[in-house]
file protein-v1.tsv (TSV, C-alpha atoms and all ligand atoms)
chain	number	residue	atom	x	y	z
A	1	MET	CA	-33.85	-23.73	84.30
A	2	ARG	CA	-30.38	-25.08	83.60
A	3	LYS	CA	-31.45	-26.08	80.06
A	4	TYR	CA	-32.84	-22.58	79.44
A	5	PHE	CA	-29.48	-20.90	80.11
A	6	LYS	CA	-27.64	-23.62	78.18
A	7	ASP	CA	-29.72	-22.87	75.07
A	8	ILE	CA	-29.05	-19.13	75.38
A	9	PHE	CA	-25.33	-19.79	75.67
A	10	GLN	CA	-25.34	-22.11	72.67
A	11	SER	CA	-27.17	-19.53	70.52
A	12	ILE	CA	-24.69	-16.80	71.40
A	13	TRP	CA	-21.78	-19.18	70.78
A	14	THR	CA	-23.13	-20.16	67.33
A	15	ILE	CA	-23.57	-16.50	66.36
A	16	LEU	CA	-20.00	-15.75	67.45
A	17	ILE	CA	-18.62	-18.62	65.33
A	18	GLY	CA	-20.56	-17.33	62.28
A	19	MET	CA	-19.35	-13.78	62.88
A	20	LYS	CA	-15.75	-14.99	63.16
A	21	ILE	CA	-15.98	-16.64	59.72
A	22	THR	CA	-17.64	-13.55	58.22
A	23	MET	CA	-15.02	-11.20	59.69
A	24	GLY	CA	-12.25	-13.45	58.39
A	25	HIS	CA	-13.55	-13.12	54.79
A	26	LEU	CA	-13.99	-9.35	55.01
A	27	PHE	CA	-10.28	-8.79	54.55
A	28	VAL	CA	-9.58	-11.46	51.88
A	29	PRO	CA	-9.12	-10.00	48.33
A	30	ALA	CA	-12.14	-10.70	46.07
A	31	VAL	CA	-11.74	-13.36	43.38
A	32	THR	CA	-14.88	-12.39	41.43
A	33	ILE	CA	-15.40	-9.27	39.31
A	34	GLN	CA	-18.42	-7.09	38.67
A	35	TYR	CA	-18.97	-8.20	35.05
A	36	PRO	CA	-20.01	-6.53	32.73
A	37	ASP	CA	-18.91	-3.30	34.46
A	38	VAL	CA	-15.48	-4.79	35.03
A	39	LYS	CA	-13.78	-7.02	32.44
A	40	VAL	CA	-10.67	-9.15	32.65
A	41	LYS	CA	-7.83	-8.62	30.21
A	42	LEU	CA	-7.88	-11.39	27.62
A	43	PRO	CA	-4.85	-13.58	26.94
A	44	GLU	CA	-2.75	-12.43	23.99
A	45	ARG	CA	-3.88	-15.24	21.65
A	46	ALA	CA	-7.52	-15.41	22.74
A	47	ARG	CA	-9.94	-16.53	20.01
A	48	ASN	CA	-13.05	-14.42	19.69
A	49	ARG	CA	-15.03	-12.81	16.90
A	50	LEU	CA	-13.45	-12.87	13.45
A	51	TYR	CA	-12.83	-9.82	11.33
A	52	VAL	CA	-11.78	-9.57	7.67
A	53	ASN	CA	-10.01	-6.55	6.26
A	54	MET	CA	-11.38	-6.65	2.71
A	55	ASP	CA	-8.84	-4.09	1.48
A	56	ASP	CA	-6.23	-6.84	1.80
A	57	CYS	CA	-8.30	-9.85	0.76
A	58	ILE	CA	-7.23	-11.33	-2.59
A	59	GLY	CA	-10.02	-13.93	-2.72
A	60	CYS	CA	-7.66	-16.90	-2.63
A	61	LEU	CA	-10.19	-19.09	-0.71
A	62	GLN	CA	-7.49	-20.49	1.61
A	63	CYS	CA	-9.54	-19.61	4.70
A	64	GLU	CA	-12.71	-21.13	3.27
A	65	MET	CA	-10.92	-24.41	2.46
A	66	ALA	CA	-9.33	-24.56	5.92
A	67	CYS	CA	-12.58	-24.14	7.83
A	68	PRO	CA	-13.64	-27.51	9.30
A	69	VAL	CA	-17.30	-26.54	9.71
A	70	ASN	CA	-17.81	-24.71	6.39
A	71	CYS	CA	-18.94	-21.49	7.97
A	72	ILE	CA	-17.04	-19.29	5.50
A	73	GLU	CA	-18.57	-18.69	2.06
A	74	ILE	CA	-16.62	-16.77	-0.55
A	75	GLU	CA	-17.41	-16.04	-4.19
A	76	THR	CA	-15.08	-14.33	-6.61
A	77	VAL	CA	-15.23	-12.99	-10.14
A	78	LYS	CA	-12.24	-12.62	-12.44
A	79	SER	CA	-11.33	-9.05	-13.19
A	80	LEU	CA	-10.54	-7.88	-16.71
A	81	PRO	CA	-6.98	-6.99	-17.73
A	82	THR	CA	-8.14	-3.37	-17.92
A	83	ASP	CA	-9.60	-3.35	-14.36
A	84	ASN	CA	-7.56	-1.83	-11.60
A	85	LEU	CA	-8.37	-3.48	-8.28
A	86	GLY	CA	-5.38	-1.98	-6.52
A	87	THR	CA	-2.92	-3.74	-4.27
A	88	THR	CA	-2.91	-5.10	-0.73
A	89	SER	CA	-1.03	-3.32	2.03
A	90	SER	CA	1.89	-5.69	1.38
A	91	GLY	CA	1.97	-4.68	-2.31
A	92	GLN	CA	0.30	-7.78	-3.78
A	93	LYS	CA	-1.77	-7.03	-6.90
A	94	LYS	CA	-5.44	-7.95	-6.54
A	95	LYS	CA	-6.88	-9.86	-9.51
A	96	LEU	CA	-10.28	-11.06	-8.30
A	97	TRP	CA	-13.42	-9.25	-7.33
A	98	VAL	CA	-14.65	-10.70	-4.03
A	99	THR	CA	-18.41	-10.69	-4.53
A	100	LYS	CA	-19.33	-12.70	-1.44
A	101	PHE	CA	-17.59	-13.14	1.89
A	102	ASP	CA	-19.87	-14.42	4.63
A	103	ILE	CA	-18.90	-15.91	7.96
A	104	ASP	CA	-21.64	-17.68	9.91
A	105	ILE	CA	-20.23	-17.02	13.35
A	106	ALA	CA	-22.98	-19.10	14.96
A	107	LYS	CA	-21.38	-22.19	13.40
A	108	CYS	CA	-17.81	-21.09	14.14
A	109	CYS	CA	-15.94	-23.19	16.71
A	110	TYR	CA	-13.13	-20.63	17.08
A	111	CYS	CA	-10.47	-23.10	16.02
A	112	GLY	CA	-8.51	-20.36	14.27
A	113	LEU	CA	-7.65	-22.61	11.32
A	114	CYS	CA	-8.80	-19.94	8.86
A	115	VAL	CA	-6.41	-17.37	10.26
A	116	TYR	CA	-3.09	-19.15	9.77
A	117	PRO	CA	-3.16	-19.87	6.00
A	118	CYS	CA	-4.22	-16.36	4.95
A	119	PRO	CA	-1.37	-15.06	2.75
A	120	THR	CA	-2.18	-11.42	3.46
A	121	GLU	CA	-3.09	-11.82	7.16
A	122	CYS	CA	-6.37	-10.04	6.60
A	123	ILE	CA	-8.62	-12.46	8.51
A	124	LYS	CA	-8.02	-12.31	12.20
A	125	MET	CA	-9.45	-12.88	15.66
A	126	THR	CA	-10.49	-9.72	17.45
A	127	GLU	CA	-10.94	-9.01	21.15
A	128	VAL	CA	-14.72	-8.85	20.78
A	129	TYR	CA	-16.49	-11.66	22.61
A	130	GLU	CA	-19.85	-10.06	23.36
A	131	PHE	CA	-21.98	-10.39	20.23
A	132	SER	CA	-25.13	-12.23	21.23
A	133	GLU	CA	-28.20	-11.62	19.05
A	134	PHE	CA	-31.91	-12.31	19.26
A	135	ASP	CA	-32.08	-13.14	15.55
A	136	ARG	CA	-29.76	-15.91	14.45
A	137	ASN	CA	-29.47	-14.39	10.96
A	138	ASN	CA	-27.63	-11.44	12.46
A	139	LEU	CA	-24.78	-13.80	13.26
A	140	ILE	CA	-23.96	-14.20	9.56
A	141	TYR	CA	-21.39	-11.51	9.00
A	142	ASN	CA	-21.10	-10.09	5.53
A	143	PHE	CA	-17.73	-8.51	4.82
A	144	VAL	CA	-18.11	-7.72	1.13
A	145	THR	CA	-17.57	-4.07	0.33
A	146	MET	CA	-19.03	-4.10	-3.22
A	147	THR	CA	-22.60	-2.94	-3.76
A	148	PRO	CA	-25.09	-5.32	-5.46
A	149	GLY	CA	-24.93	-3.11	-8.58
A	150	GLU	CA	-21.14	-3.30	-8.72
A	151	ILE	CA	-21.28	-7.08	-8.32
A	152	GLU	CA	-23.74	-7.37	-11.22
A	153	ILE	CA	-21.53	-5.22	-13.45
A	154	ALA	CA	-18.39	-7.21	-12.55
A	155	LYS	CA	-20.17	-10.49	-13.28
A	156	ALA	CA	-21.59	-9.26	-16.60
A	157	LYS	CA	-18.22	-7.92	-17.74
A	158	ALA	CA	-16.49	-11.17	-16.79
A	159	ALA	CA	-19.09	-13.25	-18.65
A	160	GLU	CA	-18.74	-11.05	-21.76
A	161	TYR	CA	-14.95	-11.31	-21.60
A	162	GLU	CA	-15.11	-15.10	-21.23
A	163	LYS	CA	-17.40	-15.27	-24.27
A	164	GLU	CA	-15.05	-13.14	-26.36
A	165	GLN	CA	-12.06	-15.23	-25.33
A	166	ALA	CA	-13.90	-18.45	-26.17
A	167	ALA	CA	-14.85	-17.08	-29.61
A	168	LYS	CA	-11.24	-16.02	-30.27
A	169	LYS	CA	-10.00	-19.46	-29.24
A	170	ALA	CA	-12.51	-21.20	-31.51
A	171	ALA	CA	-11.51	-18.97	-34.46
A	172	ALA	CA	-7.82	-19.64	-33.85
A	173	ALA	CA	-8.45	-23.39	-33.64
A	174	ALA	CA	-10.42	-23.33	-36.91
A	175	GLN	CA	-7.63	-21.38	-38.60
A	176	ALA	CA	-5.02	-23.82	-37.33
A	177	LYS	CA	-7.08	-26.74	-38.61
A	178	VAL	CA	-7.29	-25.20	-42.08
A	179	ALA	CA	-3.56	-24.53	-42.09
A	180	SER	CA	-2.74	-28.13	-41.11
A	181	THR	CA	-5.06	-29.77	-43.70
A	182	PRO	CA	-2.80	-31.23	-46.52
A	183	VAL	CA	-3.43	-29.74	-49.99
A	184	PRO	CA	-4.16	-32.56	-52.57
A	185	ALA	CA	-1.28	-33.01	-55.10
A	186	VAL	CA	-2.02	-31.77	-58.69
A	187	GLN	CA	-1.97	-34.71	-61.21
A	188	PRO	CA	0.33	-34.05	-64.23
A	189	SER	CA	-1.66	-33.96	-67.50
A	190	LYS	CA	-1.08	-36.90	-69.97
A	191	PRO	CA	0.93	-36.18	-73.15
A	192	ALA	CA	-1.27	-36.11	-76.32
A	193	ASP	CA	-1.48	-39.41	-78.32
A	194	PRO	CA	-0.06	-38.66	-81.78
A	195	SER	CA	-2.07	-41.60	-83.32
A	196	VAL	CA	-5.31	-39.87	-82.47
A	197	GLU	CA	-6.28	-37.46	-85.22
A	198	LYS	CA	-7.18	-34.04	-84.13
A	199	PRO	CA	-10.69	-33.00	-85.22
A	200	SER	CA	-10.47	-30.58	-88.13
A	301	LIG	S1	-12.27	-20.14	13.47
A	301	LIG	FE1	-12.42	-22.25	12.68
A	301	LIG	S2	-14.61	-22.64	12.56
A	301	LIG	FE2	-14.38	-20.42	12.80
A	301	LIG	S3	-14.41	-19.64	10.68
A	301	LIG	FE3	-12.26	-19.99	11.24
A	301	LIG	S4	-11.81	-22.06	10.53
A	301	LIG	FE4	-14.03	-21.86	10.57
A	302	LIG	S1	-7.24	-16.49	3.03
A	302	LIG	FE1	-7.18	-14.29	3.38
A	302	LIG	S2	-6.86	-13.43	1.33
A	302	LIG	FE2	-7.53	-15.53	1.04
A	302	LIG	S3	-9.76	-15.36	0.78
A	302	LIG	FE3	-9.36	-15.77	2.96
A	302	LIG	S4	-9.27	-13.73	3.90
A	302	LIG	FE4	-9.07	-13.44	1.71

call {"tool": "encode", "arguments": {"input": "protein-v1.tsv", "output": "structure tokens"}}
result
Amino acid sequence: MRKYFKDIFQSIWTILIGMKITMGHLFVPAVTIQYPDVKVKLPERARNRLYVNMDDCIGCLQCEMACPVNCIEIETVKSLPTDNLGTTSSGQKKKLWVTKFDIDIAKCCYCGLCVYPCPTECIKMTEVYEFSEFDRNNLIYNFVTMTPGEIEIAKAKAAEYEKEQAAKKAAAAAQAKVASTPVPAVQPSKPADPSVEKPS
């Protein structure tokens, strides 16, 4: 009988201890958040998804060379002297068509090394950190603003221009060679031998 009441007492006592702990936590401020409904503010220099403002990109390849995992691929084509590519927002004249600018963000390690050397500050980290995809190919970001047709035209014009320049150079070199070739000296004619009779 004594044991029966002891067990009842112990059960009630255990419940009271549990309730005390629970009540104590009811009034402690929460340390977790209801993500994704609630999001924390990111630190000022947080590294997340990259973005490139192509209006300011001059195709200098500094970012591509700085990337330690080769996840940036850029291709450029020389513009013609008659092309007007405009200027960057800082007033720098653009001289190259950027025909490819891909970032494979799946390979990116968010080191930020591509951001610092950019002379026009057009490649930067954004605040976007939610960009998961089902298809890995969707993680290759293409920033080029030219259409495939425009790229073809730019390439064809550049190739034609290169050919013309090469032909002009070759012609100039040939002309220079001709000009520098020494002209053989004219031999003075021998005076006539008076002992030799002229044929009548
Ligand atoms: S953050 Fe680092 S790894 Fe990512 S693209 Fe830039 S240089 Fe490459
Ligand atoms: S460093 Fe900047 S300007 Fe140069 S290619 Fe990269 S993004 Fe463009």

call {"tool": "residues_near_ligand", "arguments": {"input": "protein-v1.tsv", "ligand": "ligand LIG 302 (chain A)", "cutoff": "6 Å", "atoms": "all atoms listed in the file", "output": "number ranges by chain"}}
result
A: 57-63, 118-120, 122-123

call {"tool": "residues_near_ligand", "arguments": {"input": "protein-v1.tsv", "ligand": "ligand LIG 301 (chain A)", "cutoff": "6 Å", "atoms": "all atoms listed in the file", "output": "JSON, numbers by chain"}}
result
{"A": [66, 67, 68, 69, 71, 72, 108, 109, 110, 111, 112, 113, 114]}

call {"tool": "closest_residue", "arguments": {"input": "protein-v1.tsv", "among": "A:Gln92, A:Thr14, A:Gln175, A:Thr99", "to": "Thr76 of chain A", "atoms": "only C-alpha atoms"}}
result
A:Thr99

call {"tool": "closest_residue", "arguments": {"input": "protein-v1.tsv", "among": "A:Pro117, A:Asp7, A:Thr82, A:Glu127", "to": "Pro43 of chain A", "atoms": "all atoms listed in the file"}}
result
A:Glu127

call {"tool": "closest_residue", "arguments": {"input": "protein-v1.tsv", "among": "A:Met125, A:Gly24, A:Val144, A:Phe134", "to": "Lys100 of chain A", "atoms": "all atoms listed in the file"}}
result
A:Val144

call {"tool": "atom_distance", "arguments": {"input": "protein-v1.tsv", "atom1": "atom CA of Lys155 of chain A", "atom2": "atom CA of Glu75 of chain A"}}
result
11.0 Å

call {"tool": "atom_distance", "arguments": {"input": "protein-v1.tsv", "atom1": "atom CA of Glu44 of chain A", "atom2": "atom CA of Val115 of chain A"}}
result
15.0 Å

call {"tool": "atom_distance", "arguments": {"input": "protein-v1.tsv", "atom1": "atom CA of Leu50 of chain A", "atom2": "atom CA of Asn137 of chain A"}}
result
16.3 Å

call {"tool": "closest_residue", "arguments": {"input": "protein-v1.tsv", "among": "A:Arg47, A:Lys157, A:Arg2, A:Lys163", "to": "Pro81 of chain A", "atoms": "only C-alpha atoms"}}
result
A:Lys157

call {"tool": "residues_around", "arguments": {"input": "protein-v1.tsv", "residues": "Leu42 of chain A", "least_positions_apart": "4", "cutoff": "12 Å", "atoms": "all atoms listed in the file", "output": "list of chain:residue names"}}
result
A:Ala46, A:Arg47, A:Asn48, A:Thr126, A:Glu127, A:Val128, A:Tyr129

call {"tool": "decode", "arguments": {"input": "protein-v1.tsv", "residues": "segment 103-115 of chain A", "atoms": "N, CA and C atoms", "output": "PDB file, in the first residue's frame"}}
result
ATOM      1  N   ILE A 103      28.926  32.222 -66.374  1.00  0.00           N
ATOM      2  CA  ILE A 103      29.436  31.875 -65.039  1.00  0.00           C
ATOM      3  C   ILE A 103      28.745  30.588 -64.607  1.00  0.00           C
ATOM      4  N   ASP A 104      29.549  29.553 -64.368  1.00  0.00           N
ATOM      5  CA  ASP A 104      28.991  28.295 -63.870  1.00  0.00           C
ATOM      6  C   ASP A 104      28.959  28.401 -62.350  1.00  0.00           C
ATOM      7  N   ILE A 105      27.818  28.825 -61.857  1.00  0.00           N
ATOM      8  CA  ILE A 105      27.700  29.112 -60.419  1.00  0.00           C
ATOM      9  C   ILE A 105      27.739  27.832 -59.578  1.00  0.00           C
ATOM     10  N   ALA A 106      27.542  26.691 -60.219  1.00  0.00           N
ATOM     11  CA  ALA A 106      27.641  25.426 -59.482  1.00  0.00           C
ATOM     12  C   ALA A 106      29.093  25.131 -59.098  1.00  0.00           C
ATOM     13  N   LYS A 107      30.036  25.682 -59.870  1.00  0.00           N
ATOM     14  CA  LYS A 107      31.449  25.471 -59.559  1.00  0.00           C
ATOM     15  C   LYS A 107      31.982  26.560 -58.623  1.00  0.00           C
ATOM     16  N   CYS A 108      31.269  27.680 -58.580  1.00  0.00           N
ATOM     17  CA  CYS A 108      31.755  28.859 -57.844  1.00  0.00           C
ATOM     18  C   CYS A 108      31.921  28.553 -56.354  1.00  0.00           C
ATOM     19  N   CYS A 109      33.031  29.027 -55.785  1.00  0.00           N
ATOM     20  CA  CYS A 109      33.262  28.809 -54.351  1.00  0.00           C
ATOM     21  C   CYS A 109      33.078  30.120 -53.580  1.00  0.00           C
ATOM     22  N   TYR A 110      32.534  31.124 -54.245  1.00  0.00           N
ATOM     23  CA  TYR A 110      32.181  32.393 -53.602  1.00  0.00           C
ATOM     24  C   TYR A 110      33.380  33.066 -52.925  1.00  0.00           C
ATOM     25  N   CYS A 111      34.533  32.934 -53.558  1.00  0.00           N
ATOM     26  CA  CYS A 111      35.735  33.538 -52.981  1.00  0.00           C
ATOM     27  C   CYS A 111      35.747  35.046 -53.201  1.00  0.00           C
ATOM     28  N   GLY A 112      35.030  35.504 -54.223  1.00  0.00           N
ATOM     29  CA  GLY A 112      34.979  36.943 -54.492  1.00  0.00           C
ATOM     30  C   GLY A 112      36.191  37.477 -55.228  1.00  0.00           C
ATOM     31  N   LEU A 113      37.106  36.613 -55.645  1.00  0.00           N
ATOM     32  CA  LEU A 113      38.332  37.087 -56.299  1.00  0.00           C
ATOM     33  C   LEU A 113      38.067  37.721 -57.661  1.00  0.00           C
ATOM     34  N   CYS A 114      36.931  37.410 -58.265  1.00  0.00           N
ATOM     35  CA  CYS A 114      36.612  38.007 -59.565  1.00  0.00           C
ATOM     36  C   CYS A 114      36.094  39.430 -59.413  1.00  0.00           C
ATOM     37  N   VAL A 115      35.595  39.747 -58.239  1.00  0.00           N
ATOM     38  CA  VAL A 115      34.952  41.049 -58.042  1.00  0.00           C
ATOM     39  C   VAL A 115      35.985  42.174 -57.913  1.00  0.00           C
TER      40      VAL A 115
END
